[in-house]
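Notes to accompany the following structure.
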Amino acid sequence: MDSIDADDLYEERGAVSYARPLLQGDVFADVQVPGLSEAPLTVQIVTHPCSMRRGTDLNDRIQVVPVEAYQRVNDWAGHVRVMPLPDLHEDGCHHAAKFVDLSAAAAGELSVDKRIASLSQRGILVLQQRLVMHSTRVEMPVAVFREQSAPVLAEAEMQEIWTEIVLGDGVDDLAEVVVAGQQFQDWLDESGRRRRNDLKSEANHASLRRAVREEATRRRSARDA
């Protein structure tokens, strides 16, 4: 089982950019999860990125697990029932997402203004590895998950880049973020979905990122004109 330190585990803690699409591993505060607790919970999304949407729309319910205070984990080969979340709040305290309490939250509960942490791409892969180990007791190398998840993780990264460039200071306007995200998805589908198909090969990702920046910059200039 792979270990990862806090600096490499998280993409952001505290204020997570609204431009980032919801992804596996995201942590949210004050979420209502009927059947698990009457009080609002801190939860982590465990649904795979490919399984949490129908096209570009989120499923009505998304699988989550509760996040609770936990001991510091030094041996990541153990503790297979949890995803350690060291220094989650950057206050020296440690937490973990508890797989045994798997449930589902309404998508509307997982709003970006409640998001308090997001995982790095490697952090997401480590989460996937631990989920499989917990469910099957089969340990699979992170490289296997990387190969399968690279297209959807690259797509999310590019959507965030696009949205931040197009909106600039407007990236805190959730309605504008939703529109920009849909425009990015429409752009991927142009020309017979050529760009979306290109996402399937990691060899195309660098050129796609350049194209994203160029098109987003062009659209930003048009907005400012």
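Order determines the names: the first chain of the structure tokens is A, the second B, and so forth; residues in each chain are numbered 1 upward, and ligands are numbered 1 upward as they are shown.
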Neighbour list for stretch 50-54 of chain A as a PDB file with N, CA and C atoms, in the first residue's frame, cut-off 9 Å, only C-alpha atoms, skip fewer than 5 positions in-chain:
```pdb
ATOM      1  N   LEU A  23     -14.853  15.992  -7.506  1.00  0.00           N
ATOM      2  CA  LEU A  23     -14.059  14.808  -7.823  1.00  0.00           C
ATOM      3  C   LEU A  23     -14.021  13.858  -6.637  1.00  0.00           C
ATOM      4  N   GLN A  24     -13.711  12.628  -6.934  1.00  0.00           N
ATOM      5  CA  GLN A  24     -13.446  11.647  -5.896  1.00  0.00           C
ATOM      6  C   GLN A  24     -12.371  12.194  -4.954  1.00  0.00           C
ATOM      7  N   ASN A  59     -24.974  12.658 -10.722  1.00  0.00           N
ATOM      8  CA  ASN A  59     -26.026  11.762 -10.268  1.00  0.00           C
ATOM      9  C   ASN A  59     -26.803  12.424  -9.129  1.00  0.00           C
ATOM     10  N   ASP A  60     -28.025  11.959  -8.903  1.00  0.00           N
ATOM     11  CA  ASP A  60     -28.835  12.530  -7.828  1.00  0.00           C
ATOM     12  C   ASP A  60     -28.198  12.293  -6.466  1.00  0.00           C
ATOM     13  N   ARG A  61     -27.546  11.127  -6.296  1.00  0.00           N
ATOM     14  CA  ARG A  61     -26.892  10.791  -5.040  1.00  0.00           C
ATOM     15  C   ARG A  61     -25.478  10.312  -5.328  1.00  0.00           C
ATOM     16  N   ILE A  62     -24.573  10.654  -4.433  1.00  0.00           N
ATOM     17  CA  ILE A  62     -23.153  10.350  -4.618  1.00  0.00           C
ATOM     18  C   ILE A  62     -22.638   9.653  -3.367  1.00  0.00           C
ATOM     19  N   GLN A  63     -21.870   8.595  -3.565  1.00  0.00           N
ATOM     20  CA  GLN A  63     -21.357   7.837  -2.427  1.00  0.00           C
ATOM     21  C   GLN A  63     -20.332   8.647  -1.639  1.00  0.00           C
ATOM     22  N   SER A 149      -7.511   6.049 -14.720  1.00  0.00           N
ATOM     23  CA  SER A 149      -8.106   7.330 -14.315  1.00  0.00           C
ATOM     24  C   SER A 149      -7.506   8.543 -15.017  1.00  0.00           C
ATOM     25  N   VAL A 152      -9.986  10.954 -17.159  1.00  0.00           N
ATOM     26  CA  VAL A 152     -10.982  11.749 -16.438  1.00  0.00           C
ATOM     27  C   VAL A 152     -10.317  12.763 -15.514  1.00  0.00           C
TER      28      VAL A 152
END
```
Skipping near chain neighbours, those fewer than 6 positions away, what residues fall within 8 Å of stretch 11-17 of chain A using only C-alpha atoms, listed as a PyMOL selection string? chain A and resi 88-90+112+115-121+171-172
Closest of A:Asp8, A:Asp26, A:Glu202, A:Glu215 to A:Leu110, counting only C-alpha atoms, is A:Asp26
So that each row is one residue of stretch 81-196 of chain A with an atom at most 12 Å from stretch 28-44 of chain A, can you give its shortest atom pair and the distance in Å to one decimal, using only C-alpha atoms, rows by chain and rising number, as a Markdown table?
```
| residue | atom | partner | partner_atom | distance |
| --- | --- | --- | --- | --- |
| A:Val82 | CA | A:Gln44 | CA | 11.1 |
| A:Met83 | CA | A:Gln44 | CA | 9.4 |
| A:Pro84 | CA | A:Gln44 | CA | 11.2 |
| A:Leu85 | CA | A:Gln44 | CA | 10.1 |
| A:Leu88 | CA | A:Thr42 | CA | 11.3 |
| A:His89 | CA | A:Ala29 | CA | 11.4 |
| A:His95 | CA | A:Thr42 | CA | 10.4 |
| A:Ala96 | CA | A:Gln44 | CA | 9.3 |
| A:Ala97 | CA | A:Gln44 | CA | 6.5 |
| A:Lys98 | CA | A:Gln44 | CA | 9.1 |
| A:Phe99 | CA | A:Gln44 | CA | 9.8 |
| A:Val100 | CA | A:Leu36 | CA | 11.5 |
| A:Asp101 | CA | A:Leu36 | CA | 7.7 |
| A:Leu102 | CA | A:Leu36 | CA | 8.9 |
| A:Ser103 | CA | A:Leu36 | CA | 7.2 |
| A:Ala104 | CA | A:Val33 | CA | 6.8 |
| A:Ala105 | CA | A:Val33 | CA | 5.3 |
| A:Ala106 | CA | A:Val33 | CA | 7.8 |
| A:Ala107 | CA | A:Val31 | CA | 10.2 |
| A:Gly108 | CA | A:Val31 | CA | 9.6 |
| A:Glu109 | CA | A:Val31 | CA | 5.8 |
| A:Leu110 | CA | A:Phe28 | CA | 6.7 |
| A:Ser111 | CA | A:Phe28 | CA | 8.2 |
| A:Val112 | CA | A:Phe28 | CA | 8.2 |
| A:Asp113 | CA | A:Phe28 | CA | 8.7 |
| A:Lys114 | CA | A:Phe28 | CA | 5.3 |
| A:Arg115 | CA | A:Phe28 | CA | 4.2 |
| A:Ile116 | CA | A:Phe28 | CA | 5.5 |
| A:Ala117 | CA | A:Phe28 | CA | 7.2 |
| A:Ser118 | CA | A:Phe28 | CA | 9.2 |
| A:Leu119 | CA | A:Gln44 | CA | 10.3 |
| A:Ile124 | CA | A:Gln44 | CA | 11.3 |
| A:Leu127 | CA | A:Gln44 | CA | 10.5 |
```
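Within the 12 Å cut-off around A:Met133, using only C-alpha atoms and omitting residues fewer than 4 positions from it on the same chain, the listed residues are Met1, Asp2, Trp76, Ala77, Gly78, His79, Val80, Arg81, Val82, Met83, Phe99, Val126, Leu127, Gln128, Gln129, Arg137, Val138, Glu139, Met140, Pro141 and Val142 of chain A.
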Store the residues of this selection in a file with N, CA and C atoms, as a PDB file, in the first residue's frame.
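File produced: again-v8.pdb:
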```
ATOM      1  N   MET A   1       0.845  -1.194   0.000  1.00  0.00           N
ATOM      2  CA  MET A   1       0.000   0.000   0.000  1.00  0.00           C
ATOM      3  C   MET A   1       0.876   1.237   0.000  1.00  0.00           C
ATOM      4  N   ASP A   2       0.562   2.172  -0.871  1.00  0.00           N
ATOM      5  CA  ASP A   2       1.369   3.377  -0.977  1.00  0.00           C
ATOM      6  C   ASP A   2       1.093   4.321   0.191  1.00  0.00           C
ATOM      7  N   TRP A  76       1.066   3.187   6.465  1.00  0.00           N
ATOM      8  CA  TRP A  76      -0.065   3.211   5.549  1.00  0.00           C
ATOM      9  C   TRP A  76      -0.407   1.822   5.022  1.00  0.00           C
ATOM     10  N   ALA A  77       0.436   0.834   5.282  1.00  0.00           N
ATOM     11  CA  ALA A  77       0.116  -0.536   4.887  1.00  0.00           C
ATOM     12  C   ALA A  77      -0.983  -1.112   5.770  1.00  0.00           C
ATOM     13  N   GLY A  78      -1.168  -0.536   6.939  1.00  0.00           N
ATOM     14  CA  GLY A  78      -2.252  -0.940   7.821  1.00  0.00           C
ATOM     15  C   GLY A  78      -3.420   0.021   7.703  1.00  0.00           C
ATOM     16  N   HIS A  79      -4.311  -0.032   8.682  1.00  0.00           N
ATOM     17  CA  HIS A  79      -5.465   0.888   8.731  1.00  0.00           C
ATOM     18  C   HIS A  79      -6.264   0.837   7.423  1.00  0.00           C
ATOM     19  N   VAL A  80      -6.495  -0.371   6.892  1.00  0.00           N
ATOM     20  CA  VAL A  80      -7.100  -0.490   5.562  1.00  0.00           C
ATOM     21  C   VAL A  80      -8.581  -0.128   5.547  1.00  0.00           C
ATOM     22  N   ARG A  81      -9.182   0.094   6.708  1.00  0.00           N
ATOM     23  CA  ARG A  81     -10.592   0.481   6.740  1.00  0.00           C
ATOM     24  C   ARG A  81     -10.793   1.983   6.618  1.00  0.00           C
ATOM     25  N   VAL A  82      -9.706   2.716   6.483  1.00  0.00           N
ATOM     26  CA  VAL A  82      -9.830   4.173   6.421  1.00  0.00           C
ATOM     27  C   VAL A  82      -8.916   4.745   5.342  1.00  0.00           C
ATOM     28  N   MET A  83      -9.234   5.971   4.962  1.00  0.00           N
ATOM     29  CA  MET A  83      -8.338   6.801   4.171  1.00  0.00           C
ATOM     30  C   MET A  83      -7.790   7.862   5.108  1.00  0.00           C
ATOM     31  N   PHE A  99     -14.336   3.938   5.695  1.00  0.00           N
ATOM     32  CA  PHE A  99     -14.988   3.205   4.620  1.00  0.00           C
ATOM     33  C   PHE A  99     -16.161   2.351   5.103  1.00  0.00           C
ATOM     34  N   VAL A 126      -4.203   7.008  -4.578  1.00  0.00           N
ATOM     35  CA  VAL A 126      -3.991   6.301  -3.308  1.00  0.00           C
ATOM     36  C   VAL A 126      -5.339   5.971  -2.665  1.00  0.00           C
ATOM     37  N   LEU A 127      -6.289   6.887  -2.734  1.00  0.00           N
ATOM     38  CA  LEU A 127      -7.633   6.612  -2.223  1.00  0.00           C
ATOM     39  C   LEU A 127      -8.243   5.424  -2.956  1.00  0.00           C
ATOM     40  N   GLN A 128      -8.134   5.395  -4.278  1.00  0.00           N
ATOM     41  CA  GLN A 128      -8.672   4.274  -5.048  1.00  0.00           C
ATOM     42  C   GLN A 128      -8.024   2.960  -4.632  1.00  0.00           C
ATOM     43  N   GLN A 129      -6.716   2.984  -4.440  1.00  0.00           N
ATOM     44  CA  GLN A 129      -6.002   1.780  -4.015  1.00  0.00           C
ATOM     45  C   GLN A 129      -6.542   1.276  -2.676  1.00  0.00           C
ATOM     46  N   ARG A 137      -9.511  -6.940  -0.173  1.00  0.00           N
ATOM     47  CA  ARG A 137      -8.236  -7.381   0.406  1.00  0.00           C
ATOM     48  C   ARG A 137      -7.231  -7.762  -0.689  1.00  0.00           C
ATOM     49  N   VAL A 138      -7.402  -7.165  -1.848  1.00  0.00           N
ATOM     50  CA  VAL A 138      -6.442  -7.317  -2.944  1.00  0.00           C
ATOM     51  C   VAL A 138      -5.682  -6.007  -3.084  1.00  0.00           C
ATOM     52  N   GLU A 139      -4.367  -6.077  -3.016  1.00  0.00           N
ATOM     53  CA  GLU A 139      -3.542  -4.880  -3.167  1.00  0.00           C
ATOM     54  C   GLU A 139      -3.124  -4.737  -4.620  1.00  0.00           C
ATOM     55  N   MET A 140      -3.480  -3.616  -5.218  1.00  0.00           N
ATOM     56  CA  MET A 140      -3.139  -3.352  -6.611  1.00  0.00           C
ATOM     57  C   MET A 140      -2.215  -2.148  -6.675  1.00  0.00           C
ATOM     58  N   PRO A 141      -1.242  -2.157  -7.582  1.00  0.00           N
ATOM     59  CA  PRO A 141      -0.319  -1.025  -7.678  1.00  0.00           C
ATOM     60  C   PRO A 141      -1.028   0.238  -8.150  1.00  0.00           C
ATOM     61  N   VAL A 142      -0.578   1.366  -7.648  1.00  0.00           N
ATOM     62  CA  VAL A 142      -1.172   2.649  -8.023  1.00  0.00           C
ATOM     63  C   VAL A 142      -1.104   2.870  -9.532  1.00  0.00           C
TER      64      VAL A 142
END
```
Can you tell me, as a ChimeraX atom specification, which residues in stretch 38-203 of chain A count as helix (DSSP H, G or I) by DSSP? /A:49-51,99-101,107-109,112-114,121-136,142-172,174-198,202-203
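A straight line drawn from atom CA of A:Asp5 to atom CA of A:Asn74 is 9.6 Å long.
Distance-wise, atom CA of A:Thr163 and atom CA of A:Gln182 end up 9.8 Å apart.
With only C-alpha atoms as the basis for measurement, A:Asp189 is the residue among A:Glu147, A:Asp91, A:Glu164, A:Asp189 that approaches A:Gly55 most closely.
Computed from the coordinates, the atom CA of A:His94 to atom CA of A:Val65 distance equals 16.2 Å.
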With distances taken over only C-alpha atoms, the candidate from A:Gly168, A:Pro66, A:Pro86, A:Pro49 nearest A:Pro151 is A:Pro49
Just the residues within 9 Å of A:Phe184, please, counting only C-alpha atoms, with nothing from its chain fewer than 5 positions along; format it as a PDB file with N, CA and C atoms, in the first residue's frame.
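Result file around-v5.pdb:
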```
ATOM      1  N   MET A 158      -8.218  20.182 -16.867  1.00  0.00           N
ATOM      2  CA  MET A 158      -8.372  21.121 -17.977  1.00  0.00           C
ATOM      3  C   MET A 158      -9.609  21.990 -17.810  1.00  0.00           C
ATOM      4  N   GLN A 159     -10.682  21.431 -17.269  1.00  0.00           N
ATOM      5  CA  GLN A 159     -11.874  22.246 -17.021  1.00  0.00           C
ATOM      6  C   GLN A 159     -11.581  23.333 -15.994  1.00  0.00           C
ATOM      7  N   TRP A 162      -9.511  26.028 -17.766  1.00  0.00           N
ATOM      8  CA  TRP A 162     -10.411  26.774 -18.651  1.00  0.00           C
ATOM      9  C   TRP A 162     -11.239  27.779 -17.847  1.00  0.00           C
ATOM     10  N   THR A 163     -11.877  27.307 -16.796  1.00  0.00           N
ATOM     11  CA  THR A 163     -12.781  28.148 -16.021  1.00  0.00           C
ATOM     12  C   THR A 163     -12.041  29.306 -15.367  1.00  0.00           C
ATOM     13  N   VAL A 179     -21.702  27.751 -15.991  1.00  0.00           N
ATOM     14  CA  VAL A 179     -21.778  28.069 -17.421  1.00  0.00           C
ATOM     15  C   VAL A 179     -20.444  27.801 -18.100  1.00  0.00           C
ATOM     16  N   ASP A 189     -16.714  18.495 -27.196  1.00  0.00           N
ATOM     17  CA  ASP A 189     -17.572  17.705 -28.078  1.00  0.00           C
ATOM     18  C   ASP A 189     -17.633  18.234 -29.503  1.00  0.00           C
ATOM     19  N   VAL A 212      -6.492  24.170 -24.642  1.00  0.00           N
ATOM     20  CA  VAL A 212      -7.420  24.696 -23.635  1.00  0.00           C
ATOM     21  C   VAL A 212      -7.030  26.118 -23.253  1.00  0.00           C
ATOM     22  N   ALA A 216      -9.389  29.270 -24.083  1.00  0.00           N
ATOM     23  CA  ALA A 216      -9.914  29.982 -22.917  1.00  0.00           C
ATOM     24  C   ALA A 216      -9.448  31.435 -22.908  1.00  0.00           C
TER      25      ALA A 216
END
```
